[in-house]
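Undergrad: Here you go, final_32.cif (mmCIF, C-alpha atoms):
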data_model
#
loop_
_atom_site.group_PDB
_atom_site.id
_atom_site.type_symbol
_atom_site.label_atom_id
_atom_site.label_comp_id
_atom_site.auth_asym_id
_atom_site.auth_seq_id
_atom_site.Cartn_x
_atom_site.Cartn_y
_atom_site.Cartn_z
ATOM 1 C CA MET P 486 -7.835 3.126 -2.132
ATOM 2 C CA PRO P 487 -8.352 3.248 1.588
ATOM 3 C CA PHE P 488 -8.689 0.027 3.497
ATOM 4 C CA ALA P 489 -10.443 -0.683 6.752
ATOM 5 C CA GLU P 490 -8.234 -1.780 9.617
ATOM 6 C CA VAL P 491 -7.038 -5.356 9.163
ATOM 7 C CA ARG P 492 -5.955 -7.557 12.073
ATOM 8 C CA GLY P 493 -4.199 -10.898 12.248
ATOM 9 C CA GLN P 494 -2.484 -13.115 9.710
ATOM 10 C CA GLU P 495 -5.723 -14.270 8.091
ATOM 11 C CA GLY P 496 -6.966 -10.705 7.687
ATOM 12 C CA LEU P 497 -3.669 -9.694 6.113
ATOM 13 C CA ARG P 498 -3.730 -12.682 3.757
ATOM 14 C CA ARG P 499 -7.294 -11.828 2.743
ATOM 15 C CA ILE P 500 -6.666 -8.150 1.987
ATOM 16 C CA CYS P 501 -3.419 -8.891 0.112
ATOM 17 C CA GLN P 502 -5.131 -11.591 -1.964
ATOM 18 C CA GLU P 503 -8.088 -9.314 -2.772
ATOM 19 C CA SER P 504 -5.722 -6.531 -3.783
ATOM 20 C CA LEU P 505 -3.589 -8.752 -5.999
ATOM 21 C CA GLU P 506 -6.677 -10.207 -7.706
ATOM 22 C CA SER P 507 -7.821 -6.730 -8.772
ATOM 23 C CA LEU P 508 -4.530 -5.649 -10.351
ATOM 24 C CA SER P 509 -1.682 -7.010 -12.430
ATOM 25 C CA ASP P 510 2.007 -6.386 -13.028
ATOM 26 C CA PHE P 511 2.593 -5.359 -9.393
ATOM 27 C CA GLU P 512 6.077 -3.994 -8.680
ATOM 28 C CA ILE P 513 7.639 -2.110 -5.795
ATOM 29 C CA ASP P 514 10.418 0.421 -6.307
ATOM 30 C CA LEU P 515 12.105 0.882 -2.934
ATOM 31 C CA VAL P 516 13.353 4.474 -2.673
ATOM 32 C CA ASP P 517 14.678 4.444 0.891
ATOM 33 C CA ILE P 518 14.503 2.438 4.083
ATOM 34 C CA SER P 519 15.409 3.378 7.652
ATOM 35 C CA SER P 520 14.668 2.289 11.182
ATOM 36 C CA VAL P 521 14.281 3.743 14.636
ATOM 37 C CA GLY P 522 14.128 1.158 17.397
ATOM 38 C CA PRO P 523 11.524 -1.450 16.482
ATOM 39 C CA ARG P 524 10.040 0.649 13.642
ATOM 40 C CA VAL P 525 11.087 0.333 10.003
ATOM 41 C CA PHE P 526 10.141 3.062 7.536
ATOM 42 C CA THR P 527 10.024 2.428 3.793
ATOM 43 C CA GLU P 528 9.651 5.053 1.114
ATOM 44 C CA ARG P 529 8.557 3.351 -2.071
ATOM 45 C CA VAL P 530 6.567 3.600 -5.267
ATOM 46 C CA ASP P 531 4.006 0.849 -5.867
ATOM 47 C CA ARG P 532 3.446 0.283 -9.588
ATOM 48 C CA PHE P 533 0.669 -1.842 -11.056
ATOM 49 C CA VAL P 534 -1.980 -2.082 -13.752
ATOM 50 C CA LEU P 535 -5.565 -1.513 -12.601
ATOM 51 C CA GLN P 536 -8.580 -1.501 -14.900
ATOM 52 C CA GLY P 537 -6.151 -1.713 -17.816
ATOM 53 C CA ARG P 538 -4.273 1.435 -16.790
ATOM 54 C CA PRO P 539 -0.751 1.724 -15.393
ATOM 55 C CA VAL P 540 -0.697 3.349 -11.947
ATOM 56 C CA SER P 541 2.205 4.611 -9.800
ATOM 57 C CA VAL P 542 1.480 5.371 -6.151
ATOM 58 C CA PRO P 543 4.050 6.921 -3.765
ATOM 59 C CA VAL P 544 3.860 5.104 -0.397
ATOM 60 C CA LEU P 545 5.362 5.443 3.069
ATOM 61 C CA GLY P 546 5.194 2.127 4.921
ATOM 62 C CA VAL P 547 5.715 1.781 8.663
ATOM 63 C CA PHE P 548 6.431 -1.653 10.101
ATOM 64 C CA GLU P 549 6.687 -2.399 13.804
ATOM 65 C CA LEU P 550 8.722 -5.458 14.779
ATOM 66 C CA ASP P 551 8.773 -7.584 17.894
ATOM 67 C CA GLY P 552 11.911 -8.935 19.583
ATOM 68 C CA ASP P 553 12.038 -11.858 17.124
ATOM 69 C CA GLY P 554 11.913 -9.551 14.101
ATOM 70 C CA LEU P 555 8.311 -10.439 13.245
ATOM 71 C CA ILE P 556 5.982 -7.722 11.986
ATOM 72 C CA THR P 557 3.393 -6.816 14.621
ATOM 73 C CA ALA P 558 1.969 -3.748 12.862
ATOM 74 C CA TRP P 559 2.005 -2.512 9.254
ATOM 75 C CA ARG P 560 0.693 0.862 8.154
ATOM 76 C CA ASP P 561 0.833 2.343 4.663
ATOM 77 C CA TYR P 562 0.298 6.009 3.920
ATOM 78 C CA PHE P 563 -0.071 6.847 0.252
ATOM 79 C CA ASP P 564 -0.807 9.616 -2.190
ATOM 80 C CA SER P 565 -4.176 8.665 -3.688
ATOM 81 C CA ARG P 566 -4.120 11.256 -6.488
ATOM 82 C CA ALA P 567 -3.255 8.553 -9.036
ATOM 83 C CA LEU P 568 -6.483 6.744 -8.118
ATOM 84 C CA PHE P 569 -8.949 9.574 -7.447
ATOM 85 C CA ALA P 570 -7.681 12.678 -9.259
ATOM 86 C CA ALA P 571 -9.045 14.205 -12.430
ATOM 87 C CA PRO P 572 -9.074 14.202 -15.367
ATOM 88 C CA ASP P 573 -9.837 10.468 -15.461
ATOM 89 C CA PRO P 574 -10.000 9.001 -11.934
ATOM 90 C CA LEU P 575 -10.099 5.239 -11.453
ATOM 91 C CA PHE P 576 -12.362 5.617 -8.403
ATOM 92 C CA GLY P 577 -14.964 8.176 -7.406
ATOM 93 C CA ARG P 578 -14.385 11.819 -8.155
ATOM 94 C CA SER P 579 -11.472 14.094 -7.526
ATOM 95 C CA ALA P 580 -11.492 16.410 -4.546
ATOM 96 C CA PRO P 581 -12.497 20.032 -5.188
#
Using the file provided, produce a representation of the structure as structure tokens.

TA:
Amino acid sequence: MPFAEVRGQEGLRRICQESLESLSDFEIDLVDISSVGPRVFTERVDRFVLQGRPVSVPVLGVFELDGDGLITAWRDYFDSRALFAAPDPLFGRSAP
């Protein structure tokens, strides 16, 4: 499910907490990880139970790090078909 832009540590804590409260059995299967300069790319599959149904979502995460190795930006790009696609979408309706 798409999220609005989140900024700062408190915003990140809030959105992570809200997400974890709405699902259970959250797991991450890390497929691959690489870096170019200060950017780290993760290919992963996020697995969880939402509304009583198991869901697997392929994700590409991009993390930007500062000179101290702290995350300064985090973007996730994911395939939302598991959430919105027919025949039984968890949210909204499937695209035509």

Undergrad: For the atom pair CA of Thr557 (chain P) and CA of Gly496 (chain P), what is the interatomic distance in Å to one decimal place?

TA: 13.1 Å

Undergrad: Could you spell out the hits of the PyMOL selection byres ((chain P and resi 536) around 9) on the shown file, as a ChimeraX atom specification?

TA: /P:507-508,534-535,537-539,575

Undergrad: In Å, how far is it from CA of Asp564 (chain P) to CA of Asp517 (chain P)?

TA: 16.6 Å

Undergrad: Where's the centre, and what are the edge lengths in Å to one decimal, of a box along x, y and z enclosing all listed atoms of region 543-557 of chain P padded 3 Å per side, as lines of an AutoDock Vina configuration file?

TA:
center_x = 7.7
center_y = -2.5
center_z = 7.9
size_x = 14.6
size_y = 24.8
size_z = 29.3

Undergrad: Please compute the CA of Asp551 (chain P)-CA of Arg524 (chain P) distance, one decimal, in Å.

TA: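 Straight-line distance from CA of Asp551 (chain P) to CA of Arg524 (chain P) works out to 9.4 Å.
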
Undergrad: List the neighbours of Arg532 (chain P) out to 7 Å using only C-alpha atoms; skip same-chain residues closer than 3 positions along the sequence, and give me the result as a compact mmCIF listing (two decimals) with C-alpha atoms, in the frame of the given file.

TA:
# COMPACT_ATOMS: atom_id res chain seq x y z
CA PHE P 511 2.59 -5.36 -9.39
CA GLU P 512 6.08 -3.99 -8.68
CA ILE P 513 7.64 -2.11 -5.80
CA VAL P 540 -0.70 3.35 -11.95
CA SER P 541 2.20 4.61 -9.80
CA VAL P 542 1.48 5.37 -6.15

Undergrad: Counting only C-alpha atoms, which of P:Asp510, P:Asp553, P:Asp561, P:Glu503 gets nearest to Glu528 (chain P)?

TA: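 Using only C-alpha atoms, Glu528 (chain P) sits closest to P:Asp561.
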
Undergrad: Find the residues around Trp559 (chain P) up to 9 Å (all atoms listed in the file counted), leave out those fewer than 2 positions away in its own chain, and share them as a count of residues only.

TA: 7

Undergrad: Give the answer as one residue: which of P:Thr527, P:Gly522, P:Phe569, P:Phe533 has the shortest atom-to-atom distance to Ser509 (chain P), using only C-alpha atoms?

TA: P:Phe533

Undergrad: What residues have an atom no more than 9 Å from (-2.0, 9.7, 0.5) in the file's own frame, counting only C-alpha atoms, and can you write them as an mmCIF file with C-alpha atoms, keeping the file's coordinate frame?

TA:
data_model
loop_
_atom_site.group_PDB
_atom_site.id
_atom_site.type_symbol
_atom_site.label_atom_id
_atom_site.label_comp_id
_atom_site.auth_asym_id
_atom_site.auth_seq_id
_atom_site.Cartn_x
_atom_site.Cartn_y
_atom_site.Cartn_z
ATOM 1 C CA VAL P 542 1.480 5.371 -6.151
ATOM 2 C CA PRO P 543 4.050 6.921 -3.765
ATOM 3 C CA VAL P 544 3.860 5.104 -0.397
ATOM 4 C CA LEU P 545 5.362 5.443 3.069
ATOM 5 C CA ASP P 561 0.833 2.343 4.663
ATOM 6 C CA TYR P 562 0.298 6.009 3.920
ATOM 7 C CA PHE P 563 -0.071 6.847 0.252
ATOM 8 C CA ASP P 564 -0.807 9.616 -2.190
ATOM 9 C CA SER P 565 -4.176 8.665 -3.688
ATOM 10 C CA ARG P 566 -4.120 11.256 -6.488
#

Undergrad: Nearest residue to Gly554 (chain P) out of P:Val491, P:Leu568, P:Pro523, P:Arg529, using only C-alpha atoms?

TA: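 With only C-alpha atoms as the atom set, the closest residue is P:Pro523.
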